[in-house]
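So this one's protein.txt, compact mmCIF, C-alpha atoms:
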```txt
# COMPACT_ATOMS: atom_id res chain seq x y z
CA MET A 1 -22.26 11.09 -3.44
CA SER A 2 -19.21 8.81 -3.37
CA HIS A 3 -19.22 5.03 -3.52
CA LYS A 4 -17.01 2.06 -4.33
CA VAL A 5 -17.65 -0.99 -6.48
CA GLY A 6 -15.43 -3.88 -5.44
CA TRP A 7 -12.09 -2.18 -5.10
CA GLY A 8 -12.45 -0.16 -8.26
CA PRO A 9 -12.06 3.63 -8.39
CA ARG A 10 -14.24 5.76 -6.16
CA VAL A 11 -16.77 8.00 -7.91
CA ASP A 12 -16.67 11.57 -6.65
CA GLY A 13 -19.81 13.61 -7.11
CA GLY A 14 -17.81 16.82 -6.86
CA SER A 15 -18.00 17.75 -3.18
CA SER A 16 -15.54 20.42 -2.11
CA LYS A 17 -14.17 18.23 0.69
CA PRO A 18 -13.49 14.67 -0.53
CA ALA A 19 -13.83 11.91 2.06
CA LYS A 20 -10.54 10.78 3.55
CA SER A 21 -9.43 7.27 2.60
CA GLU A 22 -8.14 4.85 5.19
CA LYS A 23 -4.36 4.50 5.11
CA ALA A 24 -2.71 1.10 4.96
CA GLU A 25 -0.30 0.35 7.81
CA PHE A 26 2.67 -2.00 7.70
CA LYS A 27 5.55 -3.19 9.83
CA ARG A 28 8.86 -4.63 8.71
CA GLY A 29 8.81 -8.40 8.24
CA GLY A 30 11.26 -10.91 6.85
CA LYS A 31 13.26 -10.97 3.64
CA THR A 32 13.96 -13.42 0.83
CA LYS A 33 17.16 -13.68 -1.20
CA VAL A 34 16.65 -13.11 -4.91
CA ASP A 35 19.22 -14.58 -7.29
CA VAL A 36 18.62 -12.32 -10.29
CA LYS A 37 21.26 -10.09 -11.84
CA GLU A 38 20.02 -6.48 -12.03
CA ALA A 39 16.54 -7.42 -10.79
CA SER A 40 13.98 -4.91 -12.03
CA ASP A 41 10.47 -5.96 -10.93
CA VAL A 42 8.45 -8.61 -9.10
CA VAL A 43 4.90 -9.95 -9.07
CA SER A 44 3.19 -12.33 -6.67
CA LEU A 45 2.02 -15.65 -8.14
CA GLY A 46 0.16 -16.70 -5.00
CA GLN A 47 0.89 -19.52 -2.56
CA GLY A 48 4.01 -17.73 -1.36
CA ARG A 49 5.59 -17.63 -4.83
CA PHE A 50 7.04 -14.63 -6.66
CA LEU A 51 8.19 -14.03 -10.23
CA VAL A 52 11.21 -11.74 -10.62
CA VAL A 53 12.47 -10.19 -13.87
CA GLY A 54 15.82 -8.56 -14.62
CA ASP A 55 16.84 -6.12 -17.34
CA GLN A 56 19.62 -8.34 -18.72
CA SER A 57 18.59 -12.01 -18.74
CA ASN A 58 15.73 -13.53 -20.73
CA LYS A 59 15.29 -16.05 -17.91
CA LEU A 60 12.75 -15.13 -15.25
CA ALA A 61 13.10 -16.38 -11.68
CA VAL A 62 10.28 -18.07 -9.79
CA VAL A 63 11.05 -17.85 -6.08
CA GLY A 64 9.10 -20.50 -4.19
CA ALA A 65 7.67 -20.39 -0.68
CA ASP A 66 10.65 -22.53 0.37
CA GLY A 67 13.10 -19.90 -0.95
CA LYS A 68 14.25 -22.08 -3.84
CA THR A 69 14.50 -20.53 -7.30
CA THR A 70 13.57 -22.05 -10.65
CA ARG A 71 14.09 -20.41 -14.06
CA VAL A 72 11.60 -19.71 -16.81
CA GLU A 73 13.03 -18.74 -20.20
CA LEU A 74 11.43 -16.38 -22.70
CA GLY A 75 13.07 -17.85 -25.78
CA ASP A 76 11.83 -15.17 -28.17
CA VAL A 77 13.89 -12.49 -26.36
CA LYS A 78 17.66 -12.26 -26.79
CA ASN A 79 19.57 -13.10 -23.63
CA GLY A 80 21.70 -10.28 -22.21
CA LYS A 81 19.52 -7.57 -23.71
CA SER A 82 16.07 -8.29 -22.37
CA GLY A 83 15.37 -4.77 -21.13
CA PHE A 84 12.66 -6.13 -18.82
CA GLU A 85 11.53 -3.46 -16.35
CA GLY A 86 7.94 -4.26 -15.42
CA VAL A 87 5.93 -7.44 -14.87
CA ALA A 88 2.27 -8.23 -14.13
CA TYR A 89 0.23 -11.42 -13.99
CA ASP A 90 -3.43 -12.25 -14.66
CA ALA A 91 -3.92 -15.35 -12.51
CA ARG A 92 -7.50 -15.90 -13.67
CA ASN A 93 -6.62 -16.25 -17.36
CA HIS A 94 -2.95 -17.22 -16.98
CA LYS A 95 -1.55 -14.20 -18.82
CA LEU A 96 1.94 -12.84 -18.14
CA TYR A 97 2.81 -9.24 -19.09
CA VAL A 98 6.40 -7.99 -19.32
CA SER A 99 7.48 -4.48 -20.33
CA ARG A 100 10.65 -3.78 -22.34
CA GLU A 101 11.44 -0.21 -21.37
CA GLU A 102 13.72 1.07 -24.12
CA GLN A 103 11.77 -0.71 -26.86
CA GLY A 104 8.51 0.82 -25.66
CA LYS A 105 6.73 -2.54 -25.73
CA VAL A 106 4.67 -4.79 -23.49
CA LEU A 107 4.79 -8.52 -24.25
CA ARG A 108 1.85 -10.75 -23.38
CA TYR A 109 2.40 -14.46 -22.81
CA GLY A 110 0.12 -17.35 -22.05
CA TRP A 111 1.59 -19.05 -18.99
CA ASP A 112 0.41 -21.24 -16.15
CA PRO A 113 3.15 -21.58 -13.50
CA ASP A 114 1.71 -24.93 -12.43
CA ALA A 115 1.59 -26.48 -15.91
CA GLY A 116 5.32 -27.04 -16.36
CA GLN A 117 5.36 -25.42 -19.81
CA PRO A 118 7.35 -22.34 -20.91
CA PRO A 119 5.50 -19.07 -21.57
CA LYS A 120 4.13 -18.68 -25.10
CA LEU A 121 4.21 -15.25 -26.71
CA GLU A 122 0.70 -14.21 -27.76
CA LYS A 123 0.93 -10.49 -28.47
CA THR A 124 3.34 -7.57 -28.62
CA ILE A 125 1.83 -4.24 -27.61
CA ALA A 126 3.73 -1.24 -28.99
CA LEU A 127 3.40 1.97 -26.96
CA GLU A 128 3.85 5.56 -28.10
CA LEU A 129 5.26 7.35 -25.06
CA ASP A 130 6.52 10.86 -24.48
CA GLY A 131 10.13 11.46 -23.45
CA PRO A 132 13.41 9.53 -23.76
CA LYS A 133 13.40 5.76 -24.26
CA ASN A 134 15.28 5.08 -21.02
CA LYS A 135 12.51 6.76 -19.00
CA GLY A 136 9.74 4.39 -20.06
CA ILE A 137 7.55 1.80 -18.35
CA GLU A 138 9.11 0.76 -15.03
CA GLY A 139 6.13 -0.92 -13.39
CA LEU A 140 3.01 -2.85 -14.40
CA ALA A 141 -0.14 -4.05 -12.65
CA PHE A 142 -3.05 -6.07 -14.03
CA LEU A 143 -6.65 -5.02 -13.28
CA PRO A 144 -9.45 -7.59 -13.84
CA GLY A 145 -12.48 -6.34 -15.75
CA ASP A 146 -14.81 -6.48 -12.76
CA VAL A 147 -12.75 -3.92 -10.84
CA SER A 148 -10.92 -1.88 -13.48
CA PRO A 149 -11.97 1.73 -14.27
CA GLY A 150 -12.87 0.71 -17.81
CA GLY A 151 -14.95 -2.33 -16.84
CA ARG A 152 -12.65 -4.63 -18.84
CA PRO A 153 -9.20 -6.17 -18.30
CA GLN A 154 -6.69 -3.33 -18.17
CA LEU A 155 -3.05 -2.67 -17.37
CA LEU A 156 -1.83 0.09 -15.12
CA ALA A 157 1.69 1.27 -15.95
CA ALA A 158 4.16 3.57 -14.22
CA LYS A 159 6.35 5.65 -16.54
CA GLU A 160 9.66 6.47 -14.83
CA GLY A 161 10.06 10.12 -15.77
CA LYS A 162 10.32 12.99 -18.25
CA PRO A 163 7.40 13.06 -17.61
CA ARG A 164 6.42 10.88 -14.65
CA GLU A 165 3.07 9.34 -15.54
CA LEU A 166 0.56 6.73 -14.45
CA LEU A 167 -1.05 5.19 -17.53
CA LEU A 168 -4.12 3.00 -18.02
CA MET A 169 -4.53 0.82 -21.11
CA GLY A 170 -6.47 -2.17 -22.38
CA ALA A 171 -4.80 -5.48 -21.57
CA ASP A 172 -5.31 -6.51 -25.19
CA GLY A 173 -3.49 -3.44 -26.53
CA SER A 174 -6.58 -2.23 -28.39
CA ASP A 175 -6.39 1.38 -27.23
CA LYS A 176 -3.85 4.09 -26.51
CA PRO A 177 -2.64 4.54 -22.93
CA LYS A 178 -4.75 7.03 -20.97
CA LYS A 179 -3.03 9.30 -18.46
CA VAL A 180 -4.23 9.37 -14.86
CA ASP A 181 -4.50 12.97 -13.63
CA LEU A 182 -2.10 12.85 -10.66
CA GLU A 183 -2.16 15.35 -7.81
CA ALA A 184 0.94 17.54 -7.65
CA GLN A 185 1.68 16.05 -4.21
CA VAL A 186 2.35 12.66 -5.80
CA ARG A 187 5.18 14.01 -7.91
CA SER A 188 6.50 16.07 -4.99
CA VAL A 189 7.09 12.96 -2.86
CA CYS A 190 8.27 10.73 -5.74
CA ARG A 191 11.13 12.17 -7.79
CA ASP A 192 10.81 9.23 -10.15
CA PHE A 193 8.49 6.22 -10.54
CA SER A 194 10.30 2.88 -10.21
CA ALA A 195 7.49 0.36 -9.62
CA LEU A 196 3.81 0.01 -8.83
CA ALA A 197 1.34 -2.44 -7.31
CA VAL A 198 -2.39 -2.48 -6.60
CA ASP A 199 -3.54 -3.26 -3.05
CA PRO A 200 -6.04 -6.17 -3.16
CA LYS A 201 -7.66 -4.93 0.06
CA SER A 202 -8.45 -1.34 -0.94
CA GLY A 203 -7.72 -1.04 -4.66
CA HIS A 204 -5.29 1.78 -3.92
CA VAL A 205 -2.23 2.11 -6.13
CA PHE A 206 1.22 2.04 -4.53
CA ILE A 207 4.06 3.70 -6.46
CA SER A 208 7.70 3.51 -5.39
CA SER A 209 10.41 6.06 -6.05
CA ASP A 210 13.98 4.84 -6.38
CA GLU A 211 15.43 8.35 -6.10
CA SER A 212 13.31 9.28 -3.08
CA SER A 213 13.35 5.84 -1.34
CA THR A 214 9.64 6.40 -0.83
CA VAL A 215 6.29 4.73 -1.50
CA ALA A 216 3.17 6.76 -2.29
CA GLU A 217 -0.31 5.33 -1.71
CA ILE A 218 -2.80 6.71 -4.24
CA GLU A 219 -6.57 6.42 -4.54
CA LEU A 220 -8.08 6.41 -8.03
CA VAL A 221 -11.18 8.60 -8.23
CA GLN A 222 -13.58 9.11 -11.14
CA LYS A 223 -14.64 12.76 -11.27
CA ASN A 224 -16.53 14.39 -14.12
CA GLY A 225 -15.26 11.85 -16.61
CA THR A 226 -11.62 12.17 -15.50
CA LEU A 227 -9.66 9.50 -13.64
CA GLU A 228 -7.72 11.24 -10.88
CA GLY A 229 -4.94 9.92 -8.66
CA ARG A 230 -5.11 11.40 -5.16
CA LEU A 231 -2.36 10.99 -2.59
CA VAL A 232 -3.52 9.06 0.49
CA GLN A 233 -0.13 8.91 2.20
CA SER A 234 3.57 8.44 1.57
CA PHE A 235 6.14 6.67 3.70
CA PRO A 236 9.91 6.22 3.55
CA LEU A 237 11.63 2.91 2.81
CA ARG A 238 14.44 2.26 5.28
CA ASP A 239 16.76 -0.60 6.16
CA LYS A 240 17.36 -1.93 9.68
CA LYS A 241 19.93 0.82 10.26
CA ASP A 242 17.33 3.42 9.29
CA LYS A 243 19.18 4.29 6.10
CA PRO A 244 17.25 4.84 2.84
CA LEU A 245 16.82 1.69 0.79
CA ASP A 246 18.88 1.86 -2.39
CA ARG A 247 17.61 0.87 -5.82
CA VAL A 248 13.98 0.12 -5.07
CA GLU A 249 12.93 -1.62 -8.29
CA GLY A 250 9.79 -3.64 -7.61
CA LEU A 251 6.56 -3.74 -5.60
CA THR A 252 3.90 -6.43 -5.26
CA PHE A 253 1.15 -7.46 -2.87
CA ASP A 254 0.52 -11.05 -1.85
CA GLU A 255 -2.97 -12.43 -1.31
CA LYS A 256 -2.82 -11.51 2.40
CA GLY A 257 -2.30 -7.85 1.56
CA ASN A 258 1.35 -7.79 2.64
CA LEU A 259 3.58 -5.51 0.56
CA HIS A 260 6.84 -6.88 -0.85
CA VAL A 261 9.67 -4.57 -1.95
CA LEU A 262 12.39 -5.62 -4.40
CA THR A 263 15.81 -3.97 -4.15
CA GLU A 264 18.38 -4.36 -6.91
CA ASN A 265 21.61 -3.72 -5.00
CA ALA A 266 20.88 -6.09 -2.11
CA ASP A 267 19.11 -8.66 -4.31
CA GLU A 268 16.43 -9.02 -1.67
CA LEU A 269 12.67 -9.13 -1.45
CA LEU A 270 11.60 -7.37 1.74
CA GLU A 271 8.21 -8.04 3.32
CA LEU A 272 6.13 -5.30 4.94
CA GLU A 273 3.46 -7.03 6.99
CA ARG A 274 0.00 -5.51 6.99
CA GLN A 275 -1.34 -4.35 10.35
```
Re-express the file's structure as structure tokens.
Amino acid sequence: MSHKVGWGPRVDGGSSKPAKSEKAEFKRGGKTKVDVKEASDVVSLGQGRFLVVGDQSNKLAVVGADGKTTRVELGDVKNGKSGFEGVAYDARNHKLYVSREEQGKVLRYGWDPDAGQPPKLEKTIALELDGPKNKGIEGLAFLPGDVSPGGRPQLLAAKEGKPRELLLMGADGSDKPKKVDLEAQVRSVCRDFSALAVDPKSGHVFISSDESSTVAEIELVQKNGTLEGRLVQSFPLRDKKDKPLDRVEGLTFDEKGNLHVLTENADELLELERQ
């Protein structure tokens, strides 16, 4: 028998024909200019605000609902060599997570965007990953304890390639990353992993591929003690001229369930409105 708790992973009792999951549907919406050099990821802060990181500057950009940008500096990281590639935010506990790809680290900061204070570094989580350093963590998502597979605050991370992996780890860095067993179809539609986000409506994981200009929607399923990632659907990312979007670097959902896509070359945040 299969069931869901909140929007956590579905538990599969082992039936030969798994139940089909409902696919999310979107239509193209508006776009927001992002003034970040070599933008690499984005996370929603709520109330129409987004935090954008870049892989050069140690200053993060908060893009407000009015389109205006303010800067937040991470003073403990050298400017010009930040290496930021992934970002996630725990709004409940005011924790900011930023991945430094080539260093194989995730930095955790205490930060309330409404408090007017700079982020304070609390912990550095060192990761032991397979493959070359420049194919490390490209995307992050935070999972609260009441909905995460482990029943505690966890981070979901997308490793770019060699090998392409979806990893689950404790948000406090207390355990080694655990690999999600991905269906072969996921890797067939995504030649690399460039970003990820978790849908607040369904709990499904969305992974983007820069090389394929594609997004894959994945359902996490617990089966016989293994966490599996099953492909629900994939869809292409196209511009208004129906050409593939270049340099898809970030994904995030807002509280309405709309999907926002960050592109590096155009320096834009594109909205895909939920239907």
Which residues are close to Ser40 (chain A), i.e. within 9 Å by all atoms listed in the file, leaving aside same-chain residues fewer than 3 positions away? Reply as a PDB file with C-alpha atoms, in the frame of the given file.
```
ATOM      1  CA  VAL A  36      18.620 -12.320 -10.290  1.00  0.00           C
ATOM      2  CA  LYS A  37      21.260 -10.090 -11.840  1.00  0.00           C
ATOM      3  CA  VAL A  52      11.210 -11.740 -10.620  1.00  0.00           C
ATOM      4  CA  VAL A  53      12.470 -10.190 -13.870  1.00  0.00           C
ATOM      5  CA  GLY A  54      15.820  -8.560 -14.620  1.00  0.00           C
ATOM      6  CA  ASP A  55      16.840  -6.120 -17.340  1.00  0.00           C
ATOM      7  CA  PHE A  84      12.660  -6.130 -18.820  1.00  0.00           C
ATOM      8  CA  GLU A  85      11.530  -3.460 -16.350  1.00  0.00           C
ATOM      9  CA  GLY A  86       7.940  -4.260 -15.420  1.00  0.00           C
ATOM     10  CA  VAL A  87       5.930  -7.440 -14.870  1.00  0.00           C
ATOM     11  CA  GLU A 138       9.110   0.760 -15.030  1.00  0.00           C
ATOM     12  CA  GLY A 139       6.130  -0.920 -13.390  1.00  0.00           C
ATOM     13  CA  SER A 194      10.300   2.880 -10.210  1.00  0.00           C
ATOM     14  CA  ALA A 195       7.490   0.360  -9.620  1.00  0.00           C
ATOM     15  CA  VAL A 248      13.980   0.120  -5.070  1.00  0.00           C
ATOM     16  CA  GLU A 249      12.930  -1.620  -8.290  1.00  0.00           C
ATOM     17  CA  GLY A 250       9.790  -3.640  -7.610  1.00  0.00           C
ATOM     18  CA  LEU A 262      12.390  -5.620  -4.400  1.00  0.00           C
ATOM     19  CA  THR A 263      15.810  -3.970  -4.150  1.00  0.00           C
ATOM     20  CA  GLU A 264      18.380  -4.360  -6.910  1.00  0.00           C
TER      21      GLU A 264
END
```
Next item on the list: Would you mind telling me which residue in A:Val34, A:Leu182, A:Ala88, A:Ile218 lies nearest to Pro144 (chain A) when using all atoms listed in the file?
Entry: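 Under the stated criterion, the closest residue is A:Ala88.
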Margin query: So that I can see what lies close to Arg108 (chain A), please list as a ChimeraX atom specification the residues with an atom at most 9 Å from it, counting all atoms listed in the file and leaving out residues fewer than 6 positions away in the same chain.
Written below: /A:95-99,120-125,171-172
I'd like the neighbourhood of Phe193 (chain A) as a short mmCIF file (atom, residue, chain, number, x, y, z; two decimals) with C-alpha atoms, in the frame of the given file, where a residue qualifies if any of its atoms comes within 7 Å (using only C-alpha atoms), though same-chain residues fewer than 4 positions away should be ignored.
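To be explicit, this is the file written out as part-v1.cif:
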```cif
data_model
loop_
_atom_site.label_atom_id
_atom_site.label_comp_id
_atom_site.auth_asym_id
_atom_site.auth_seq_id
_atom_site.Cartn_x
_atom_site.Cartn_y
_atom_site.Cartn_z
CA ALA A 158 4.16 3.57 -14.22
CA LYS A 159 6.35 5.65 -16.54
CA GLU A 160 9.66 6.47 -14.83
CA GLY A 161 10.06 10.12 -15.77
CA ARG A 164 6.42 10.88 -14.65
CA ILE A 207 4.06 3.70 -6.46
CA SER A 208 7.70 3.51 -5.39
CA SER A 209 10.41 6.06 -6.05
#
```
Item checked: For CA of Arg152 (chain A) and CA of Arg49 (chain A), the interatomic separation in Å (one decimal) -> 26.4 Å
Write out as JSON an axis-aligned box for region 120-129 of chain A: all of its atoms listed in the file, 6 Å added on each side, centre and edge lengths in Å with one decimal.
```
{"center_x": 3.0, "center_y": -5.7, "center_z": -27.0, "size_x": 16.6, "size_y": 38.0, "size_z": 15.9}
```
Note to self: Can you tell me which residues surround region 183-185 of chain A at a distance of at most 12 Å, considering all atoms listed in the file, apart from same-chain residues fewer than 5 positions away, and format the answer as a PyMOL selection string?
What the structure shows: chain A and resi 164-166+190-191+216-221+227-234
Margin query: As an exercise, work out the distance from CA of Glu211 (chain A) to CA of Asp239 (chain A) in Å and give it to one decimal place.
Written below: 15.2 Å
Margin query: What's the separation between CA of Pro149 (chain A) and CA of Gly170 (chain A), in Å to one decimal place?
Written below: 10.5 Å
